[in-house]
Amino acid sequence: MKHIKILIFTLFVSAFAQAQQLDKLINVALANNPEIQKFELRYKVASEKINEVNTISNTEFGVGYFVSEPETRTGAQRFKVSAKQMIPWFNTITARENYVSSLAKAKYEDIVIAKRRLMTSVSQSYYNLYANKAKQDVLIENIKLLKTYETLALTSVEVGNASVVDVLRLQMRQNELQQLLDVLIQQFITEQTTFNTLLNRKKEVKITVVSELIIPSESYDVGLKDLEIHPELLKFDKLYYAVEQSELLNQKESSPLIGFGLDYINVEKRPNLDFSDNGKDIIMPMLSISIPIFNNKYKSKTKQNQIQQEEILSQKRERLNKLTIRLDKALNDRISARISFNTQTKNLLQAKNAQEILTKSYETGKIDFNDVLDIQELQLKFQLNQVESIRKYFIKSTIINYLTN
């Protein structure tokens, strides 16, 4: 019981350390990735537009000089100065702010989606690196095993229980495994470059992966409700809301504009006359209203908004269907990976039992090196398939996490 507790604690610590290391690398990627920074800057621009629309139209100033001065009872008019300000209908500016703010909120979902995708890409690349390194370890282990068999074969040749051909076949098999190992090493370097690029750092930075990944005994349940709150779908909701705000703004902009103004006219005194209003300047407050009588533009905008809302709903349904299919496939593939892992584990145990039997038969001098190569090839196949099952399980888990968390 004490040994079991120690084993469970060791597995827990190992899984926790692996999670901590990967979380740390993901945080580095989120902080440095230029794509995330691009979406954040777009969101800032969209948010800043709120200040842009929180304004009214320009104030109009005018100056006029009377070339031919009109005569009035109080004197001749010399020049005119005017000022005018148009004011939008009540709450129009608020409607503009709400519309721009709704667009900014939709842009924010781009950041959330990009971060989720980046986290998925970093995790998948990490698990690819793990699988590559694990396969390298398997090949190194098998090369050592073949060297042991080669030693046994050389001894058997000396006593006449084996031929030189057996030794050569063992050596050729070692060469094949060494070739596979060299290819994996190059593939590891390529994947390492991909991983470092996601973290936006130099491609030569060495990546250390965990020595072992363990498939959990049970998987948590995932439902369609987890998928319905995915950012890719929430973005359509926010776009739909933005169109609603666009229509509210359209209704406000179809309302009249109110203008306030002031005219000042300078009047010159009439000579040789003396009365109270002689040369009195004219000040005239102005009130105007701009009515969109020909408002087909706003009616067309309303129709466009209705069509756009229908399009957004269709896009959301289409995207939900695609995400549902993707989630269902990922769940089934992960189950398949668990089944494959369990099968490879059983096969590997049997292959090792066969290997032990062959090794013991050497003591009687009856070892068959053809059987040795066959068993070794099967064992290698099961080991590589086992590693691939682990990789596939965790790769599919990243997709499920992207869709449901």
# chains A, B, ... in the order shown; residues from 1 in each chain; ligands from 1
>>> select_by_dssp(residues="stretch 49-164 of chain A", states="strand (DSSP E)", output="list in words")
Glu60, Phe61, Gly62, Val63, Gly64, Tyr65, Glu71, Thr72, Gly75, Ala76, Gln77, Arg78, Phe79, Lys80, Val81, Ser82, Ala83, Lys84, Gln85, Met86 and Ile87 of chain A
>>> atom_distance(atom1="atom CA of A:Phe61", atom2="atom CA of A:Lys269")
25.8 Å
>>> residues_around(residues="A:Leu320", least_positions_apart="3", cutoff="9 Å", atoms="only C-alpha atoms", output="PyMOL selection string")
chain A and resi 227-228+232-233+315-317+323-325
>>> residues_around(residues="stretch 345-349 of chain A", least_positions_apart="4", cutoff="12 Å", atoms="only C-alpha atoms", output="mmCIF file with all heavy atoms, in the first residue's frame")
data_model
loop_
_atom_site.group_PDB
_atom_site.id
_atom_site.type_symbol
_atom_site.label_atom_id
_atom_site.label_comp_id
_atom_site.auth_asym_id
_atom_site.auth_seq_id
_atom_site.Cartn_x
_atom_site.Cartn_y
_atom_site.Cartn_z
ATOM 1 N N ARG A 338 -7.174 6.005 -27.154
ATOM 2 C CA ARG A 338 -7.101 5.259 -25.898
ATOM 3 C C ARG A 338 -7.174 3.751 -26.162
ATOM 4 O O ARG A 338 -6.424 2.969 -25.570
ATOM 5 C CB ARG A 338 -8.238 5.691 -24.968
ATOM 6 C CG ARG A 338 -8.174 5.047 -23.590
ATOM 7 C CD ARG A 338 -9.501 5.244 -22.870
ATOM 8 N NE ARG A 338 -9.766 6.650 -22.644
ATOM 9 C CZ ARG A 338 -9.258 7.333 -21.623
ATOM 10 N NH1 ARG A 338 -8.455 6.732 -20.746
ATOM 11 N NH2 ARG A 338 -9.550 8.603 -21.468
ATOM 12 N N ILE A 339 -8.091 3.348 -27.057
ATOM 13 C CA ILE A 339 -8.225 1.917 -27.391
ATOM 14 C C ILE A 339 -6.927 1.399 -28.006
ATOM 15 O O ILE A 339 -6.440 0.309 -27.655
ATOM 16 C CB ILE A 339 -9.407 1.717 -28.357
ATOM 17 C CG1 ILE A 339 -10.720 2.050 -27.653
ATOM 18 C CG2 ILE A 339 -9.435 0.281 -28.881
ATOM 19 C CD1 ILE A 339 -11.932 2.059 -28.577
ATOM 20 N N SER A 340 -6.374 2.186 -28.925
ATOM 21 C CA SER A 340 -5.124 1.782 -29.574
ATOM 22 C C SER A 340 -3.990 1.663 -28.564
ATOM 23 O O SER A 340 -3.194 0.727 -28.611
ATOM 24 C CB SER A 340 -4.761 2.804 -30.658
ATOM 25 O OG SER A 340 -3.504 2.495 -31.231
ATOM 26 N N PHE A 341 -3.929 2.610 -27.633
ATOM 27 C CA PHE A 341 -2.873 2.577 -26.616
ATOM 28 C C PHE A 341 -2.982 1.308 -25.773
ATOM 29 O O PHE A 341 -1.974 0.632 -25.511
ATOM 30 C CB PHE A 341 -2.969 3.813 -25.728
ATOM 31 C CG PHE A 341 -2.011 3.803 -24.570
ATOM 32 C CD1 PHE A 341 -0.692 4.168 -24.746
ATOM 33 C CD2 PHE A 341 -2.432 3.427 -23.294
ATOM 34 C CE1 PHE A 341 0.203 4.160 -23.681
ATOM 35 C CE2 PHE A 341 -1.553 3.405 -22.233
ATOM 36 C CZ PHE A 341 -0.229 3.778 -22.419
ATOM 37 N N ASN A 353 7.577 -10.769 -23.519
ATOM 38 C CA ASN A 353 7.611 -12.152 -23.020
ATOM 39 C C ASN A 353 8.272 -13.071 -24.037
ATOM 40 O O ASN A 353 9.088 -13.939 -23.688
ATOM 41 C CB ASN A 353 6.195 -12.638 -22.715
ATOM 42 C CG ASN A 353 5.594 -11.939 -21.500
ATOM 43 O OD1 ASN A 353 6.325 -11.441 -20.641
ATOM 44 N ND2 ASN A 353 4.274 -11.895 -21.432
ATOM 45 N N ALA A 354 7.933 -12.876 -25.312
ATOM 46 C CA ALA A 354 8.553 -13.671 -26.370
ATOM 47 C C ALA A 354 10.051 -13.403 -26.447
ATOM 48 O O ALA A 354 10.855 -14.324 -26.673
ATOM 49 C CB ALA A 354 7.890 -13.365 -27.709
ATOM 50 N N GLN A 355 10.428 -12.143 -26.251
ATOM 51 C CA GLN A 355 11.842 -11.778 -26.275
ATOM 52 C C GLN A 355 12.603 -12.481 -25.148
ATOM 53 O O GLN A 355 13.706 -12.985 -25.345
ATOM 54 C CB GLN A 355 11.972 -10.254 -26.132
ATOM 55 C CG GLN A 355 13.402 -9.761 -25.965
ATOM 56 C CD GLN A 355 13.440 -8.311 -25.510
ATOM 57 O OE1 GLN A 355 12.573 -7.535 -25.864
ATOM 58 N NE2 GLN A 355 14.450 -7.975 -24.729
ATOM 59 N N GLU A 356 11.997 -12.521 -23.968
ATOM 60 C CA GLU A 356 12.654 -13.189 -22.843
ATOM 61 C C GLU A 356 12.815 -14.695 -23.105
ATOM 62 O O GLU A 356 13.843 -15.294 -22.766
ATOM 63 C CB GLU A 356 11.843 -12.967 -21.570
ATOM 64 C CG GLU A 356 11.868 -11.526 -21.082
ATOM 65 C CD GLU A 356 11.005 -11.322 -19.848
ATOM 66 O OE1 GLU A 356 10.408 -12.310 -19.376
ATOM 67 O OE2 GLU A 356 10.919 -10.170 -19.364
ATOM 68 N N ILE A 375 10.645 -10.743 -33.727
ATOM 69 C CA ILE A 375 10.110 -10.247 -32.452
ATOM 70 C C ILE A 375 10.544 -8.813 -32.202
ATOM 71 O O ILE A 375 9.761 -7.969 -31.740
ATOM 72 C CB ILE A 375 10.533 -11.174 -31.296
ATOM 73 C CG1 ILE A 375 9.879 -12.548 -31.432
ATOM 74 C CG2 ILE A 375 10.169 -10.545 -29.949
ATOM 75 C CD1 ILE A 375 8.360 -12.512 -31.414
ATOM 76 N N GLN A 376 11.808 -8.524 -32.524
ATOM 77 C CA GLN A 376 12.305 -7.156 -32.319
ATOM 78 C C GLN A 376 11.537 -6.175 -33.189
ATOM 79 O O GLN A 376 11.192 -5.069 -32.757
ATOM 80 C CB GLN A 376 13.810 -7.094 -32.635
ATOM 81 C CG GLN A 376 14.452 -5.731 -32.383
ATOM 82 C CD GLN A 376 14.283 -4.784 -33.563
ATOM 83 O OE1 GLN A 376 14.258 -5.216 -34.713
ATOM 84 N NE2 GLN A 376 14.144 -3.495 -33.265
ATOM 85 N N GLU A 377 11.247 -6.571 -34.426
ATOM 86 C CA GLU A 377 10.500 -5.701 -35.338
ATOM 87 C C GLU A 377 9.078 -5.475 -34.824
ATOM 88 O O GLU A 377 8.561 -4.355 -34.869
ATOM 89 C CB GLU A 377 10.463 -6.332 -36.731
ATOM 90 C CG GLU A 377 9.846 -5.439 -37.779
ATOM 91 C CD GLU A 377 9.952 -6.023 -39.176
ATOM 92 O OE1 GLU A 377 10.619 -7.057 -39.343
ATOM 93 O OE2 GLU A 377 9.355 -5.430 -40.105
ATOM 94 N N LEU A 378 8.450 -6.514 -34.315
ATOM 95 C CA LEU A 378 7.115 -6.369 -33.736
ATOM 96 C C LEU A 378 7.143 -5.463 -32.509
ATOM 97 O O LEU A 378 6.280 -4.597 -32.319
ATOM 98 C CB LEU A 378 6.556 -7.746 -33.366
ATOM 99 C CG LEU A 378 5.996 -8.601 -34.504
ATOM 100 C CD1 LEU A 378 5.620 -9.982 -33.985
ATOM 101 C CD2 LEU A 378 4.790 -7.927 -35.142
ATOM 102 N N GLN A 379 8.143 -5.691 -31.667
ATOM 103 C CA GLN A 379 8.251 -4.881 -30.446
ATOM 104 C C GLN A 379 8.430 -3.415 -30.787
ATOM 105 O O GLN A 379 7.797 -2.541 -30.172
ATOM 106 C CB GLN A 379 9.437 -5.379 -29.617
ATOM 107 C CG GLN A 379 9.641 -4.584 -28.320
ATOM 108 C CD GLN A 379 10.745 -5.178 -27.463
ATOM 109 O OE1 GLN A 379 10.795 -6.394 -27.238
ATOM 110 N NE2 GLN A 379 11.638 -4.343 -26.988
ATOM 111 N N LEU A 380 9.277 -3.123 -31.766
ATOM 112 C CA LEU A 380 9.494 -1.739 -32.183
ATOM 113 C C LEU A 380 8.198 -1.137 -32.720
ATOM 114 O O LEU A 380 7.842 0.011 -32.408
ATOM 115 C CB LEU A 380 10.581 -1.683 -33.257
ATOM 116 C CG LEU A 380 10.846 -0.302 -33.877
ATOM 117 C CD1 LEU A 380 11.320 0.682 -32.816
ATOM 118 C CD2 LEU A 380 11.858 -0.413 -35.015
ATOM 119 N N LYS A 381 7.477 -1.926 -33.518
ATOM 120 C CA LYS A 381 6.208 -1.452 -34.070
ATOM 121 C C LYS A 381 5.224 -1.106 -32.965
ATOM 122 O O LYS A 381 4.583 -0.040 -32.985
ATOM 123 C CB LYS A 381 5.626 -2.529 -34.989
ATOM 124 C CG LYS A 381 4.234 -2.219 -35.517
ATOM 125 C CD LYS A 381 3.679 -3.393 -36.301
ATOM 126 C CE LYS A 381 2.230 -3.143 -36.701
ATOM 127 N NZ LYS A 381 1.651 -4.302 -37.423
ATOM 128 N N PHE A 382 5.116 -1.980 -31.965
ATOM 129 C CA PHE A 382 4.175 -1.731 -30.873
ATOM 130 C C PHE A 382 4.594 -0.513 -30.054
ATOM 131 O O PHE A 382 3.738 0.283 -29.630
ATOM 132 C CB PHE A 382 4.089 -2.959 -29.970
ATOM 133 C CG PHE A 382 3.564 -4.193 -30.659
ATOM 134 C CD1 PHE A 382 3.989 -5.465 -30.290
ATOM 135 C CD2 PHE A 382 2.640 -4.087 -31.682
ATOM 136 C CE1 PHE A 382 3.512 -6.592 -30.926
ATOM 137 C CE2 PHE A 382 2.152 -5.212 -32.331
ATOM 138 C CZ PHE A 382 2.586 -6.466 -31.954
ATOM 139 N N GLN A 383 5.885 -0.347 -29.823
ATOM 140 C CA GLN A 383 6.368 0.796 -29.049
ATOM 141 C C GLN A 383 6.088 2.112 -29.774
ATOM 142 O O GLN A 383 5.632 3.087 -29.161
ATOM 143 C CB GLN A 383 7.860 0.648 -28.775
ATOM 144 C CG GLN A 383 8.197 -0.410 -27.738
ATOM 145 C CD GLN A 383 9.703 -0.581 -27.564
ATOM 146 O OE1 GLN A 383 10.437 -0.775 -28.546
ATOM 147 N NE2 GLN A 383 10.160 -0.519 -26.332
ATOM 148 N N LEU A 384 6.380 2.137 -31.077
ATOM 149 C CA LEU A 384 6.142 3.362 -31.847
ATOM 150 C C LEU A 384 4.644 3.664 -31.934
ATOM 151 O O LEU A 384 4.227 4.827 -31.846
ATOM 152 C CB LEU A 384 6.745 3.231 -33.247
ATOM 153 C CG LEU A 384 8.273 3.143 -33.321
ATOM 154 C CD1 LEU A 384 8.729 2.985 -34.768
ATOM 155 C CD2 LEU A 384 8.922 4.372 -32.692
ATOM 156 N N ASN A 385 3.833 2.627 -32.127
ATOM 157 C CA ASN A 385 2.380 2.824 -32.166
ATOM 158 C C ASN A 385 1.850 3.323 -30.825
ATOM 159 O O ASN A 385 0.911 4.126 -30.767
ATOM 160 C CB ASN A 385 1.679 1.524 -32.542
ATOM 161 C CG ASN A 385 1.858 1.175 -34.014
ATOM 162 O OD1 ASN A 385 2.247 2.027 -34.811
ATOM 163 N ND2 ASN A 385 1.597 -0.071 -34.372
ATOM 164 N N GLN A 386 2.450 2.854 -29.747
ATOM 165 C CA GLN A 386 2.042 3.292 -28.412
ATOM 166 C C GLN A 386 2.329 4.781 -28.227
ATOM 167 O O GLN A 386 1.486 5.540 -27.735
ATOM 168 C CB GLN A 386 2.773 2.469 -27.357
ATOM 169 C CG GLN A 386 2.252 2.665 -25.949
ATOM 170 C CD GLN A 386 3.028 1.835 -24.938
ATOM 171 O OE1 GLN A 386 4.251 1.844 -24.922
ATOM 172 N NE2 GLN A 386 2.306 1.096 -24.109
ATOM 173 N N VAL A 387 3.509 5.204 -28.658
ATOM 174 C CA VAL A 387 3.863 6.627 -28.578
ATOM 175 C C VAL A 387 2.924 7.449 -29.450
ATOM 176 O O VAL A 387 2.451 8.523 -29.053
ATOM 177 C CB VAL A 387 5.334 6.850 -29.013
ATOM 178 C CG1 VAL A 387 5.632 8.345 -29.125
ATOM 179 C CG2 VAL A 387 6.280 6.200 -28.029
ATOM 180 N N SER A 389 -0.122 6.746 -30.260
ATOM 181 C CA SER A 389 -1.441 6.792 -29.619
ATOM 182 C C SER A 389 -1.473 7.872 -28.543
ATOM 183 O O SER A 389 -2.477 8.594 -28.404
ATOM 184 C CB SER A 389 -1.779 5.433 -29.006
ATOM 185 O OG SER A 389 -1.882 4.440 -30.000
ATOM 186 N N ILE A 390 -0.397 7.983 -27.777
ATOM 187 C CA ILE A 390 -0.321 9.029 -26.749
ATOM 188 C C ILE A 390 -0.349 10.404 -27.399
ATOM 189 O O ILE A 390 -1.065 11.308 -26.952
ATOM 190 C CB ILE A 390 0.962 8.856 -25.906
ATOM 191 C CG1 ILE A 390 0.899 7.547 -25.114
ATOM 192 C CG2 ILE A 390 1.155 10.036 -24.966
ATOM 193 C CD1 ILE A 390 2.173 7.217 -24.379
#
>>> closest_residue(among="A:Ser156, A:Glu310, A:Val67, A:Pro271", to="A:Glu244", atoms="only C-alpha atoms")
A:Glu310
